[in-house]
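target02.pdb, holding PDB, N, CA and C atoms:
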ATOM      1  N   MET U 136      14.472   8.281   5.663
ATOM      2  CA  MET U 136      13.126   8.733   5.384
ATOM      3  C   MET U 136      12.240   8.419   6.594
ATOM      4  N   ASN U 137      11.416   9.362   6.976
ATOM      5  CA  ASN U 137      10.509   9.239   8.102
ATOM      6  C   ASN U 137       9.473   8.144   7.812
ATOM      7  N   PRO U 138       9.151   7.251   8.764
ATOM      8  CA  PRO U 138       8.175   6.190   8.512
ATOM      9  C   PRO U 138       6.812   6.696   8.051
ATOM     10  N   HIS U 139       6.419   7.871   8.528
ATOM     11  CA  HIS U 139       5.124   8.423   8.117
ATOM     12  C   HIS U 139       5.174   8.975   6.696
ATOM     13  N   ASP U 140       6.366   9.227   6.163
ATOM     14  CA  ASP U 140       6.497   9.666   4.775
ATOM     15  C   ASP U 140       6.527   8.480   3.814
ATOM     16  N   VAL U 141       6.887   7.305   4.307
ATOM     17  CA  VAL U 141       6.955   6.105   3.462
ATOM     18  C   VAL U 141       5.552   5.607   3.142
ATOM     19  N   ILE U 142       4.684   5.516   4.154
ATOM     20  CA  ILE U 142       3.311   5.036   3.960
ATOM     21  C   ILE U 142       2.439   6.225   3.586
ATOM     22  N   LEU U 143       1.871   6.200   2.389
ATOM     23  CA  LEU U 143       1.034   7.307   1.951
ATOM     24  C   LEU U 143      -0.412   7.129   2.406
ATOM     25  N   ARG U 144      -1.019   5.971   2.081
ATOM     26  CA  ARG U 144      -2.393   5.697   2.500
ATOM     27  C   ARG U 144      -2.706   4.227   2.242
ATOM     28  N   PRO U 145      -3.720   3.685   2.926
ATOM     29  CA  PRO U 145      -4.113   2.298   2.653
ATOM     30  C   PRO U 145      -4.907   2.218   1.355
ATOM     31  N   VAL U 146      -4.864   1.070   0.720
ATOM     32  CA  VAL U 146      -5.661   0.817  -0.480
ATOM     33  C   VAL U 146      -7.009   0.290  -0.007
ATOM     34  N   LEU U 147      -8.089   0.930  -0.433
ATOM     35  CA  LEU U 147      -9.414   0.573   0.042
ATOM     36  C   LEU U 147     -10.287   0.000  -1.065
ATOM     37  N   SER U 148      -9.683  -0.711  -2.000
ATOM     38  CA  SER U 148     -10.464  -1.364  -3.045
ATOM     39  C   SER U 148     -11.150  -2.594  -2.455
ATOM     40  N   GLU U 149     -12.115  -3.127  -3.192
ATOM     41  CA  GLU U 149     -12.853  -4.290  -2.705
ATOM     42  C   GLU U 149     -11.922  -5.493  -2.518
ATOM     43  N   LYS U 150     -11.018  -5.690  -3.458
ATOM     44  CA  LYS U 150     -10.084  -6.810  -3.382
ATOM     45  C   LYS U 150      -9.148  -6.667  -2.175
ATOM     46  N   ALA U 151      -8.678  -5.466  -1.913
ATOM     47  CA  ALA U 151      -7.768  -5.238  -0.795
ATOM     48  C   ALA U 151      -8.474  -5.416   0.546
ATOM     49  N   VAL U 152      -9.723  -4.995   0.634
ATOM     50  CA  VAL U 152     -10.465  -5.119   1.889
ATOM     51  C   VAL U 152     -10.776  -6.586   2.183
ATOM     52  N   VAL U 153     -11.070  -7.385   1.155
ATOM     53  CA  VAL U 153     -11.321  -8.814   1.353
ATOM     54  C   VAL U 153     -10.046  -9.526   1.808
ATOM     55  N   ALA U 154      -8.890  -9.087   1.322
ATOM     56  CA  ALA U 154      -7.616  -9.718   1.679
ATOM     57  C   ALA U 154      -7.227  -9.479   3.132
ATOM     58  N   ILE U 155      -7.846  -8.526   3.795
ATOM     59  CA  ILE U 155      -7.542  -8.261   5.208
ATOM     60  C   ILE U 155      -7.850  -9.491   6.060
ATOM     61  N   ASP U 156      -8.862 -10.260   5.674
ATOM     62  CA  ASP U 156      -9.220 -11.462   6.435
ATOM     63  C   ASP U 156      -8.100 -12.490   6.453
ATOM     64  N   THR U 157      -7.255 -12.507   5.421
ATOM     65  CA  THR U 157      -6.148 -13.458   5.354
ATOM     66  C   THR U 157      -4.852 -12.884   5.916
ATOM     67  N   GLY U 158      -4.905 -11.680   6.483
ATOM     68  CA  GLY U 158      -3.719 -11.082   7.091
ATOM     69  C   GLY U 158      -2.863 -10.297   6.122
ATOM     70  N   LYS U 159      -3.430  -9.922   4.961
ATOM     71  CA  LYS U 159      -2.695  -9.129   3.972
ATOM     72  C   LYS U 159      -3.311  -7.737   3.899
ATOM     73  N   TYR U 160      -2.455  -6.741   4.015
ATOM     74  CA  TYR U 160      -2.886  -5.349   3.976
ATOM     75  C   TYR U 160      -2.176  -4.654   2.817
ATOM     76  N   ALA U 161      -2.890  -3.803   2.095
ATOM     77  CA  ALA U 161      -2.322  -3.106   0.940
ATOM     78  C   ALA U 161      -2.205  -1.620   1.257
ATOM     79  N   PHE U 162      -1.059  -1.045   0.895
ATOM     80  CA  PHE U 162      -0.790   0.374   1.127
ATOM     81  C   PHE U 162      -0.171   0.979  -0.119
ATOM     82  N   TYR U 163      -0.506   2.232  -0.403
ATOM     83  CA  TYR U 163       0.269   2.997  -1.368
ATOM     84  C   TYR U 163       1.462   3.560  -0.609
ATOM     85  N   VAL U 164       2.657   3.399  -1.173
ATOM     86  CA  VAL U 164       3.882   3.822  -0.502
ATOM     87  C   VAL U 164       4.648   4.794  -1.395
ATOM     88  N   HIS U 165       5.639   5.429  -0.816
ATOM     89  CA  HIS U 165       6.464   6.384  -1.560
ATOM     90  C   HIS U 165       7.148   5.657  -2.722
ATOM     91  N   PRO U 166       7.179   6.259  -3.913
ATOM     92  CA  PRO U 166       7.731   5.572  -5.095
ATOM     93  C   PRO U 166       9.197   5.173  -4.975
ATOM     94  N   SER U 167       9.971   5.848  -4.157
ATOM     95  CA  SER U 167      11.388   5.497  -4.049
ATOM     96  C   SER U 167      11.692   4.617  -2.834
ATOM     97  N   ALA U 168      10.667   4.200  -2.089
ATOM     98  CA  ALA U 168      10.873   3.370  -0.899
ATOM     99  C   ALA U 168      11.174   1.930  -1.306
ATOM    100  N   ASN U 169      12.096   1.297  -0.575
ATOM    101  CA  ASN U 169      12.399  -0.106  -0.844
ATOM    102  C   ASN U 169      11.743  -0.985   0.223
ATOM    103  N   ARG U 170      11.920  -2.316   0.083
ATOM    104  CA  ARG U 170      11.257  -3.259   0.985
ATOM    105  C   ARG U 170      11.648  -3.049   2.447
ATOM    106  N   THR U 171      12.917  -2.785   2.682
ATOM    107  CA  THR U 171      13.391  -2.611   4.058
ATOM    108  C   THR U 171      12.760  -1.383   4.700
ATOM    109  N   GLN U 172      12.706  -0.282   3.965
ATOM    110  CA  GLN U 172      12.099   0.933   4.495
ATOM    111  C   GLN U 172      10.606   0.738   4.748
ATOM    112  N   ILE U 173       9.930   0.024   3.852
ATOM    113  CA  ILE U 173       8.500  -0.220   4.013
ATOM    114  C   ILE U 173       8.253  -1.098   5.235
ATOM    115  N   LYS U 174       9.051  -2.148   5.393
ATOM    116  CA  LYS U 174       8.901  -3.044   6.544
ATOM    117  C   LYS U 174       9.110  -2.290   7.849
ATOM    118  N   ASP U 175      10.182  -1.493   7.924
ATOM    119  CA  ASP U 175      10.451  -0.718   9.137
ATOM    120  C   ASP U 175       9.325   0.267   9.430
ATOM    121  N   ALA U 176       8.785   0.900   8.385
ATOM    122  CA  ALA U 176       7.718   1.878   8.576
ATOM    123  C   ALA U 176       6.443   1.216   9.090
ATOM    124  N   ILE U 177       6.052   0.087   8.507
ATOM    125  CA  ILE U 177       4.840  -0.614   8.947
ATOM    126  C   ILE U 177       4.993  -1.089  10.390
ATOM    127  N   GLU U 178       6.159  -1.659  10.711
ATOM    128  CA  GLU U 178       6.375  -2.157  12.066
ATOM    129  C   GLU U 178       6.415  -1.022  13.077
ATOM    130  N   THR U 179       6.949   0.135  12.704
ATOM    131  CA  THR U 179       7.029   1.271  13.623
ATOM    132  C   THR U 179       5.668   1.926  13.830
ATOM    133  N   VAL U 180       4.963   2.187  12.746
ATOM    134  CA  VAL U 180       3.704   2.934  12.836
ATOM    135  C   VAL U 180       2.592   2.086  13.447
ATOM    136  N   PHE U 181       2.457   0.830  13.020
ATOM    137  CA  PHE U 181       1.331   0.002  13.465
ATOM    138  C   PHE U 181       1.699  -1.002  14.548
ATOM    139  N   GLU U 182       2.974  -1.115  14.913
ATOM    140  CA  GLU U 182       3.458  -2.000  15.975
ATOM    141  C   GLU U 182       3.027  -3.452  15.740
ATOM    142  N   VAL U 183       3.345  -3.961  14.538
ATOM    143  CA  VAL U 183       3.071  -5.347  14.159
ATOM    144  C   VAL U 183       4.342  -5.963  13.592
ATOM    145  N   GLU U 184       4.341  -7.280  13.392
ATOM    146  CA  GLU U 184       5.482  -7.980  12.814
ATOM    147  C   GLU U 184       5.171  -8.335  11.363
ATOM    148  N   VAL U 185       5.996  -7.827  10.445
ATOM    149  CA  VAL U 185       5.802  -8.061   9.014
ATOM    150  C   VAL U 185       6.520  -9.338   8.614
ATOM    151  N   LYS U 186       5.798 -10.218   7.924
ATOM    152  CA  LYS U 186       6.359 -11.487   7.478
ATOM    153  C   LYS U 186       6.856 -11.392   6.036
ATOM    154  N   LYS U 187       6.104 -10.720   5.157
ATOM    155  CA  LYS U 187       6.424 -10.682   3.732
ATOM    156  C   LYS U 187       5.884  -9.398   3.112
ATOM    157  N   ILE U 188       6.597  -8.901   2.085
ATOM    158  CA  ILE U 188       6.163  -7.711   1.364
ATOM    159  C   ILE U 188       6.251  -7.981  -0.131
ATOM    160  N   ASN U 189       5.148  -7.747  -0.840
ATOM    161  CA  ASN U 189       5.134  -7.788  -2.299
ATOM    162  C   ASN U 189       4.910  -6.370  -2.805
ATOM    163  N   LEU U 190       5.672  -5.977  -3.824
ATOM    164  CA  LEU U 190       5.568  -4.629  -4.372
ATOM    165  C   LEU U 190       5.030  -4.665  -5.792
ATOM    166  N   GLN U 191       4.218  -3.666  -6.114
ATOM    167  CA  GLN U 191       3.706  -3.485  -7.470
ATOM    168  C   GLN U 191       3.847  -2.021  -7.833
ATOM    169  N   THR U 192       4.276  -1.767  -9.069
ATOM    170  CA  THR U 192       4.274  -0.416  -9.581
ATOM    171  C   THR U 192       3.032  -0.257 -10.450
ATOM    172  N   VAL U 193       2.152   0.645 -10.056
ATOM    173  CA  VAL U 193       0.897   0.864 -10.756
ATOM    174  C   VAL U 193       1.112   2.036 -11.711
ATOM    175  N   ARG U 194       1.012   1.757 -13.006
ATOM    176  CA  ARG U 194       1.232   2.831 -13.981
ATOM    177  C   ARG U 194       0.028   3.761 -14.025
ATOM    178  N   GLY U 195       0.262   4.991 -14.478
ATOM    179  CA  GLY U 195      -0.799   5.978 -14.562
ATOM    180  C   GLY U 195      -1.772   5.661 -15.681
ATOM    181  N   LYS U 196      -3.027   5.995 -15.475
ATOM    182  CA  LYS U 196      -4.052   5.781 -16.486
ATOM    183  C   LYS U 196      -4.177   7.020 -17.363
ATOM    184  N   GLU U 197      -4.492   6.798 -18.621
ATOM    185  CA  GLU U 197      -4.706   7.923 -19.523
ATOM    186  C   GLU U 197      -6.104   8.476 -19.310
ATOM    187  N   LYS U 198      -6.185   9.763 -19.121
ATOM    188  CA  LYS U 198      -7.464  10.448 -18.933
ATOM    189  C   LYS U 198      -7.602  11.499 -20.023
ATOM    190  N   ARG U 199      -8.802  11.647 -20.551
ATOM    191  CA  ARG U 199      -9.052  12.613 -21.616
ATOM    192  C   ARG U 199     -10.184  13.538 -21.228
ATOM    193  N   MET U 200     -10.055  14.790 -21.651
ATOM    194  CA  MET U 200     -11.121  15.772 -21.565
ATOM    195  C   MET U 200     -11.127  16.513 -22.876
ATOM    196  N   GLY U 201     -12.023  16.129 -23.759
ATOM    197  CA  GLY U 201     -12.027  16.721 -25.088
ATOM    198  C   GLY U 201     -10.790  16.274 -25.848
ATOM    199  N   ARG U 202     -10.046  17.249 -26.356
ATOM    200  CA  ARG U 202      -8.821  16.925 -27.093
ATOM    201  C   ARG U 202      -7.612  16.771 -26.193
ATOM    202  N   THR U 203      -7.723  17.217 -24.964
ATOM    203  CA  THR U 203      -6.597  17.203 -24.048
ATOM    204  C   THR U 203      -6.449  15.816 -23.424
ATOM    205  N   ARG U 204      -5.235  15.275 -23.489
ATOM    206  CA  ARG U 204      -4.956  13.986 -22.874
ATOM    207  C   ARG U 204      -3.890  14.155 -21.814
ATOM    208  N   GLY U 205      -3.958  13.329 -20.800
ATOM    209  CA  GLY U 205      -2.957  13.358 -19.748
ATOM    210  C   GLY U 205      -2.927  12.026 -19.037
ATOM    211  N   LEU U 206      -1.996  11.884 -18.114
ATOM    212  CA  LEU U 206      -1.857  10.656 -17.338
ATOM    213  C   LEU U 206      -2.012  10.963 -15.858
ATOM    214  N   THR U 207      -2.645  10.044 -15.140
ATOM    215  CA  THR U 207      -2.638  10.154 -13.691
ATOM    216  C   THR U 207      -1.251   9.726 -13.201
ATOM    217  N   ALA U 208      -0.946  10.032 -11.987
ATOM    218  CA  ALA U 208       0.388   9.773 -11.451
ATOM    219  C   ALA U 208       0.630   8.272 -11.273
ATOM    220  N   ARG U 209       1.899   7.850 -11.462
ATOM    221  CA  ARG U 209       2.288   6.470 -11.154
ATOM    222  C   ARG U 209       2.334   6.312  -9.644
ATOM    223  N   ARG U 210       2.066   5.083  -9.189
ATOM    224  CA  ARG U 210       2.065   4.812  -7.751
ATOM    225  C   ARG U 210       2.792   3.503  -7.491
ATOM    226  N   LYS U 211       3.211   3.314  -6.267
ATOM    227  CA  LYS U 211       3.789   2.041  -5.850
ATOM    228  C   LYS U 211       2.886   1.488  -4.756
ATOM    229  N   LYS U 212       2.508   0.209  -4.916
ATOM    230  CA  LYS U 212       1.620  -0.444  -3.971
ATOM    231  C   LYS U 212       2.379  -1.563  -3.278
ATOM    232  N   ALA U 213       2.229  -1.651  -1.973
ATOM    233  CA  ALA U 213       2.862  -2.708  -1.187
ATOM    234  C   ALA U 213       1.778  -3.566  -0.557
ATOM    235  N   ILE U 214       1.845  -4.880  -0.809
ATOM    236  CA  ILE U 214       0.954  -5.818  -0.148
ATOM    237  C   ILE U 214       1.757  -6.457   0.978
ATOM    238  N   VAL U 215       1.354  -6.172   2.204
ATOM    239  CA  VAL U 215       2.105  -6.567   3.395
ATOM    240  C   VAL U 215       1.406  -7.740   4.060
ATOM    241  N   THR U 216       2.123  -8.846   4.234
ATOM    242  CA  THR U 216       1.603 -10.005   4.949
ATOM    243  C   THR U 216       2.156  -9.969   6.368
ATOM    244  N   LEU U 217       1.258 -10.033   7.335
ATOM    245  CA  LEU U 217       1.665  -9.977   8.736
ATOM    246  C   LEU U 217       1.846 -11.386   9.284
ATOM    247  N   ALA U 218       2.572 -11.488  10.374
ATOM    248  CA  ALA U 218       2.765 -12.769  11.053
ATOM    249  C   ALA U 218       1.422 -13.270  11.580
ATOM    250  N   ALA U 219       1.328 -14.559  11.806
ATOM    251  CA  ALA U 219       0.077 -15.162  12.260
ATOM    252  C   ALA U 219      -0.384 -14.534  13.565
ATOM    253  N   GLY U 220      -1.662 -14.183  13.620
ATOM    254  CA  GLY U 220      -2.232 -13.588  14.821
ATOM    255  C   GLY U 220      -2.088 -12.084  14.903
ATOM    256  N   GLN U 221      -1.364 -11.470  14.003
ATOM    257  CA  GLN U 221      -1.168 -10.016  14.014
ATOM    258  C   GLN U 221      -2.293  -9.337  13.234
ATOM    259  N   ARG U 222      -2.788  -8.215  13.719
ATOM    260  CA  ARG U 222      -3.825  -7.435  13.052
ATOM    261  C   ARG U 222      -3.484  -5.956  13.176
ATOM    262  N   ILE U 223      -3.954  -5.156  12.235
ATOM    263  CA  ILE U 223      -3.838  -3.700  12.322
ATOM    264  C   ILE U 223      -5.206  -3.179  12.746
ATOM    265  N   ALA U 224      -5.290  -2.696  13.952
ATOM    266  CA  ALA U 224      -6.578  -2.311  14.545
ATOM    267  C   ALA U 224      -7.229  -1.143  13.800
ATOM    268  N   GLN U 225      -6.433  -0.223  13.271
ATOM    269  CA  GLN U 225      -6.991   0.942  12.591
ATOM    270  C   GLN U 225      -7.744   0.573  11.319
ATOM    271  N   LEU U 226      -7.420  -0.584  10.707
ATOM    272  CA  LEU U 226      -8.059  -0.982   9.456
ATOM    273  C   LEU U 226      -9.028  -2.140   9.645
ATOM    274  N   GLU U 227      -9.344  -2.507  10.867
ATOM    275  CA  GLU U 227     -10.203  -3.655  11.126
ATOM    276  C   GLU U 227     -11.670  -3.409  10.804
ATOM    277  N   GLY U 228     -12.161  -2.214  10.938
ATOM    278  CA  GLY U 228     -13.582  -1.937  10.710
ATOM    279  C   GLY U 228     -13.990  -1.937   9.266
ATOM    280  N   LEU U 229     -13.059  -2.169   8.342
ATOM    281  CA  LEU U 229     -13.367  -2.097   6.919
ATOM    282  C   LEU U 229     -13.970  -3.374   6.376
ATOM    283  N   THR U 230     -13.770  -4.502   7.054
ATOM    284  CA  THR U 230     -14.264  -5.772   6.514
ATOM    285  C   THR U 230     -15.709  -6.014   6.862
TER
END
Show the structure stored in the file as C-alpha cells.
Amino acid sequence: MNPHDVILRPVLSEKAVVAIDTGKYAFYVHPSANRTQIKDAIETVFEVEVKKINLQTVRGKEKRMGRTRGLTARRKKAIVTLAAGQRIAQLEGLT
C-alpha cells in the first residue's frame, strides 16, 4: 500500500492539537492498515522517527433526519508518538 494511501488526514480536534506539545500526533488512517504500515508511512512522508503507535477504531455515529436513520462511516485513528526532539513541521502552526 502506498504511504500516501495509508494516512488519510490529521485529526484536528482540540484534544489532538493540545497533544502535539507532548510529541503525539493523531491521524485518521486506512481501516485495513496495520502498525507497521502506519509507521513506515509516517516515517516516509514526514521524515521523522516514530517511537510508538496506539490505534483506536472509532465507530460510526447514528445520524437521523426525520424517520430516516443511518450511520457515519467507521474510522481508524492512530496516535503516533515521535522520538524526543522530533517534530512534524506541517502541523506545527496548529498549537
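If you measure from each of U:Leu226, U:Leu217, U:Val146, U:Met136 to Asn169 in chain U using only C-alpha atoms, the closest one turns out to be U:Met136.
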- Message: Show me, as a ChimeraX atom specification, the residues that have an atom within 7 Å of Asp140 in chain U when counting all atoms listed in the file, minus same-chain residues fewer than 3 positions from it.
- Response: /U:136-137,143,164-165
- d(atom N of Asp156 in chain U, CA of Ala218 in chain U) in Å: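 So the answer is 13.1 Å.
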- Message: Please extract the residues of chain U with a backbone DSSP assignment of alpha helix (DSSP H) and present them as an MDAnalysis selection string.
- Response: chainID U and resid 138:141 149:154 170:181
- Can you work out the spacing between CA of Gln191 in chain U and CA of Ala208 in chain U in Å, to one decimal?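 Here the two named atoms are 14.2 Å from each other.
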- Query: Just how far from atom N of Ala213 in chain U is atom N of Gly158 in chain U, in Å to one decimal?
  - Reply: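 One can read the atom N of Gly158 in chain U to atom N of Ala213 in chain U distance as 14.9 Å.
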- Query: Which residues, written as a count of residues only, have at least one atom at most 8 Å from Ile214 in chain U, with only C-alpha atoms counted and residues fewer than 5 positions away on the same chain left out?
  - Reply: 7
- Task: For the structure shown, which residues end up in the PyMOL selection byres (((chain U and resi 219 and name CA) around 10) and name CA)? Put them as a list in words, please?
- Result: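 In the shown coordinates, the PyMOL selection byres (((chain U and resi 219 and name CA) around 10) and name CA) covers Thr157, Gly158, Glu184, Val185, Lys186, Thr216, Leu217, Ala218, Gly220, Gln221 and Arg222 of chain U.
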- Query: Could you pull the residues within 8 Å of Gly195 in chain U, counting all atoms listed in the file, minus those fewer than 6 positions along the same chain, as a VMD selection string?
  - Reply: chain U and resid 205 to 210
- Might you pull out every residue within 10 Å of Phe181 in chain U, with only C-alpha atoms counted and same-chain residues fewer than 5 positions away left off, and present them as a PyMOL selection string? chain U and resi 176+222-225
- Got a sec to tell me which of chain U DSSP assigns to strand (DSSP E or B), as a PyMOL selection string? chain U and resi 142-145+159-164+185-193+197-200+203-206+210-217
- Give the answer as one residue: which of U:Thr179, U:Val141, U:Val152, U:Lys198 has the shortest atom-to-atom distance to Pro166 in chain U, using all atoms listed in the file? U:Val141
